[in-house]
Amino acid sequence: MTSQPPARRTVLRGAALAGAAGLGVAACDGGAGGSKVPPTPTAPVDLGAPGDVPVGGTKLYREDRVVVTRLAKGEYKAFGAVCTHAGCVVSSVEDERIRCSCHGSEFDAKTGKVLAGPAVAPLPSVPVRTEGGRLIVGPEA
Ligand code: FES
C-alpha cells in the first residue's frame, strides 16, 4: 500500500476540524497544566479571509483558540487564546484589550502582555501569515 502525503488543503481542513472538535466548548479547564489540548495550534489553521480582521483591529477566533491583531495592512500578530491564568479561552476583545471573563485577566491585543491579573504570563505568540489569499496561523505544514 502506498502512502501519499495529504494535500495541503486536506491538512488545513483537518487541523481546523481538529481544533473545532477539541475546543467547541471553551470552558476553563481549571489549571494551566491540566489541559490535554495544546495552548496554541500545532498545525496550520486556515482562519479565512485576511480582511475579516480590519486594519487596527483584533478578532477572536474562539473555536480555533487564537486572537489575531492586524497592526497595519499585511502586518499581523497572533496569540494563543487560552488564558495563562487557569486555562479558560478568552472571551472578548474591547479597546485593544483581550479579556478573560473567568477571573478578569486582560491582555494587550498588540503584544499579548498582561494588563490586568490574576494572570501573570503573557498570551503566547503564534506564527501568522497570509497564503493564497487566506489567513493562516500555526506552524508551517
Ligand atoms: S482563567 Fe482566570 S483570568 Fe483567565
# chains A, B, ... in the order shown; residues from 1 in each chain; ligands from 1
>>> residues_around(residues="A:Ala81", least_positions_apart="6", cutoff="9 Å", atoms="only C-alpha atoms", output="ChimeraX atom specification")
/A:39-40,60-62,64-67,88-91,98,123-124
>>> residues_around(residues="A:Ala72", least_positions_apart="5", cutoff="9 Å", atoms="only C-alpha atoms", output="list in words")
Pro54, Val55 and Gly56 of chain A
>>> residues_near_ligand(ligand="ligand 1", cutoff="9 Å", atoms="only C-alpha atoms and all ligand atoms", output="list of chain:residue names")
A:Cys28, A:Asp29, A:Gly30, A:Gly31, A:Ala32, A:Val82, A:Cys83, A:Thr84, A:His85, A:Ala86, A:Gly87, A:Cys88, A:Val89, A:Val90, A:Ser91, A:Arg99, A:Cys100, A:Ser101, A:Cys102, A:His103, A:Gly104, A:Ser105, A:Glu106, A:Ala116, A:Gly117, A:Pro118, A:Ala119
>>> closest_residue(among="A:Thr130, A:Ser125, A:Thr111, A:Ser92", to="A:Gly80", atoms="only C-alpha atoms")
A:Ser125
>>> select_by_dssp(residues="stretch 98-139 of chain A", states="strand (DSSP E or B)", output="list in words")
Ile98, Arg99, Glu106, Phe107, Asp108, Val114, Leu115, Ala116, Ser125, Val126, Val128, Arg129, Thr130, Glu131, Arg134, Leu135, Ile136 and Val137 of chain A
>>> atom_distance(atom1="atom CA of A:Leu71", atom2="atom CA of A:Gly138")
18.3 Å
>>> residues_around(residues="A:Ala109", least_positions_apart="3", cutoff="6 Å", atoms="only C-alpha atoms", output="number ranges by chain")
A: 96-98, 112
